[in-house]
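Contents: one structure, followed by commentary.
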Amino acid sequence: MNFLEKYKKEFEEYDRLDHDFIDDDKIWAQLNKWENPSKEDVRRVLKKAEQCVRLEPEETAILLQNKDENTIQEMYELAHQLKEEVYGDRIVFFAPLYISDECSNDCSYCGFRSSNKAIRRKTLTMDEIEQEVRIMIEEGQKRTVLVYGESSKTEADFICETIKKVYSVKTGHGEIRRANVNCAPLTVEELKKLKNVGIGTIQVFQETYHHETYRKMHPQGTIKGNYRWRLYCMDRAQQAGVDDNGIGVLFGLYDWRFEVMGLLYHTIHLEENFNGVGPHTISFPRITPATGTPYSEHPEYAVSDKDFKKLVAVLRLSVPYTGMICTARESDEVRRQVIPFGVSQIDGGTRIGVGAYAKSKNANALPEQEQFSIGDDRSLDSVVEEICNMQFIPSFCTACYRAGRTGEHFMKVAKSRFVHNYCIPNAIFTLKEYLLDYASDETRTKGEKILKQHVGRFQGEPVYSKILGNLKRLENGERDLRL
Ligand code: SAM
Ligand code: SF4
């Protein structure tokens with residue numbers, strides 16, 4: 001069967017809808033209505049945001065359009081405060097694992113696109129996956145996101161095999177405890193298969209919510225050319241029982257303010273249709289240069305660092321209960337700046353080529369063969385050390401997903417004292433594991449200091465003795481302790 005034919009029936013169903021939940025004209029009308037909000041308008045929205053509730057589109061439009069430096073500063077302060085309230089002082093770590101760069105799509109911005117002859121293609125074998133995972137575990141990783149191009153070699157059954165393989169690798173004290181997936185949109189039946197092998201989050205970025213730009217970037221006649229097939233992927237994921245969903249935009253394709261509105265409308269659509277469960281995470285990558293890909297060198301709507309910082313804060317204020325991921329596409333400097341305004345997850349020790357962990361270990365990396373270039377190629381240990389310097393607790397926790405607290409259950413706990421009573425102690429235990437098993441002397445010294453500070457805050461609370469007890473057990477050789 002022709003690869004595109006595979007989804008023909010489903011495409012026809014989406015074509016029959018007379019509209020989808022992204023109304024381009026309405027979004028522009030809202031942004032234009034609030035082109036110059038007053039200080040009072042902005043402060044009215046901030047007053048509401050203080051209560052940790054999801055904002056309405058017009059309220060987000062006000063924040064996006066705010067040009068007054070004083071109230072922008074107030075936005076940053078509140079975004080920082082909400083991050084602390086909802087997520088505490090922790091930053092969750094992961095690293096991507098590229099499985100295949102073979103792709104039948106032709107997205108203008110991506111190094112993996114089919115018409116790019118500048119890269120040699122490769123899909124990892126199961127043995128090669130094992131080799132990559134071993135290296136990742138030995139560096140201290142516990143959470144990964146598996147990344148695939150879209151081709152007949154990377155269909156759902158293959159993806160399931162790769163997930164099973166990743167979970168099966170154990171070395172020393174370590175293993176990967178949560179495997180998320182970033183792949184092409186799938187059918188409900190295919191997503192059920194992923195659920196059965198224990199997928200964490202499914203990530204599918206819309207890239208751009210603007211219909212016309214989407215058409216320009218993704219040629220018709222490719223699977224990715226179908227906007228709605230992608231737009232409704234998270235609905236299908238929810239129907240399949242995969243209820244931790246990751247949405248995202250590739251910033252630089254269209255106006256960043258429109259795209260933030262698109263992310264908000266997507267969140268509202270999911271909340272309205274799936275018992276209040278919005279996306280588990282939002283990603284906001286900016287385009288970076290990719291080999292043989294002229295568009296990526298000069299994206300039409302490149303977002304400045306200043307606007308990037310603002311969009312991170314507006315997202316934090318608009319959807320306070322959604323995790324926010326800032327990847328190593330950004331430089332260490334930019335990441336340092338935006339983390340305090342709402343980021344909850346980052347990657348560290350990132351290598352993005354297919355087979356890149358083994359290659360870089362053998363000093364054999366070929367960055368020009370990768371999907372795009374990264375801005376932060378420091379080792380996991382250096383990034384962990386820096387997060388400690390910033391007074392956050394680096395966390396490798398996977399407890400919620402493994403205890404079945406996903407989707408609706410996760411939203412309930414996120415809105416309670418759960419973070420303080422469970423997430424922070426679990427962050428403490430997983431950082432302790434990292435320090436015992438993988439950290440350099442310098443990082444261990446800094447990490448122990450951070451642990452001491454955070455453990456001290458529990459003094460006088462019922463959970464305090466449990467935390468001390470578990471830390472002792474970890475020192476005595478036990479692993480994988482969680483509340
Ligand atoms: N092939 C699948 C797809 O397109 O959904 C999944 C993986 S794709 C390798 C992961 C993401 O990388 C894309 O969704 C896109 O947002 C991002 N990406 C593509 N080209 C990029 C570039 N030049 N710079 C930064 N991110 C890029
Ligand atoms: Fe393929 Fe995804 Fe790259 Fe598009 S973004 S060319 S679908 S790997």
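To be explicit about the labels: the chains of the structure tokens are called A, B, and onward in the order shown, and within each one the residues are counted from 1, while ligands get numbers from 1 in the order they are shown.
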Problem set entry | Nearby polymer residues, ligand 2, at most 7 Å, only C-alpha atoms and all ligand atoms, as a VMD selection string | chain A and resid 101 103 to 107 110 to 114 148 to 150 184 224
Keeping only C-alpha atoms, write those residues as a PDB file, in the first residue's frame.
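As written to disk, selection_30.pdb reads:
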ATOM      1  CA  ASP A 101      15.802  10.251  10.377  1.00  0.00           C
ATOM      2  CA  CYS A 103      11.116  10.699   6.469  1.00  0.00           C
ATOM      3  CA  SER A 104       8.653  10.834   3.600  1.00  0.00           C
ATOM      4  CA  ASN A 105       7.484  14.369   4.448  1.00  0.00           C
ATOM      5  CA  ASP A 106       9.082  17.505   3.121  1.00  0.00           C
ATOM      6  CA  CYS A 107       8.712  20.176   5.800  1.00  0.00           C
ATOM      7  CA  CYS A 110      13.628  20.376   8.791  1.00  0.00           C
ATOM      8  CA  GLY A 111      16.938  18.682   7.995  1.00  0.00           C
ATOM      9  CA  PHE A 112      15.191  15.285   7.762  1.00  0.00           C
ATOM     10  CA  ARG A 113      12.852  16.366   4.944  1.00  0.00           C
ATOM     11  CA  SER A 114      12.766  13.942   2.021  1.00  0.00           C
ATOM     12  CA  TYR A 148      11.231   9.436  14.680  1.00  0.00           C
ATOM     13  CA  GLY A 149      10.768  10.715  11.141  1.00  0.00           C
ATOM     14  CA  GLU A 150       7.617   9.520   9.371  1.00  0.00           C
ATOM     15  CA  ALA A 184       4.016  11.557  13.464  1.00  0.00           C
ATOM     16  CA  LYS A 224       2.090  15.977   7.032  1.00  0.00           C
TER      17      LYS A 224
END
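Residues with any atom within 10 Å of Ser296 (chain A), counting only C-alpha atoms and excluding same-chain neighbours fewer than 2 positions away, are Ser108, Tyr109, Cys110, Gly111, Gly252, Leu253, Arg286, Ile287, Thr288, Pro289, Ala290, Thr291, Gly292, Thr293, Pro294, His298, Pro299, Glu300, Ala302 and Phe372 of chain A.
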Exercise. Using only C-alpha atoms and all ligand atoms, which of the listed residues (A:Pro96, A:Gly140, A:Gly469, A:Gly172) sits closest to ligand 1?
Worked result: A:Pro96
Problem set entry | Selection near Asp127 (chain A), 12 Å with only C-alpha atoms, sequence-local residues under 4 positions removed, as JSON, numbers by chain | {"A": [99, 123, 131, 132, 133, 134, 161, 162, 165, 166, 168, 169, 355, 358]}
Exercise. So which bits of region 104-212 of chain A end up strand (DSSP E or B) when you DSSP the backbone, as number ranges by chain?
Worked result: A: 123, 143-148, 170-171, 174-175, 178-182, 202-203, 207
Exercise. Could you pull the residues within 10 Å of Leu471 (chain A), counting only C-alpha atoms, minus those fewer than 3 positions along the same chain, as a list in words?
Worked result: Pro425, Ile428, Phe429, Thr430, Lys432, Glu433, Val455, Ser465, Lys466, Ile467, Leu468, Leu474, Glu475, Asn476, Glu478, Arg479 and Leu481 of chain A
Exercise. Quick one: DSSP helix (DSSP H, G or I) residues in region 10-230 of chain A, as a PyMOL selection string?
Worked result: chain A and resi 10-16+24-33+39-49+57-65+69-87+126-139+152-154+156-168+188-196+211-217+223-225+227-230
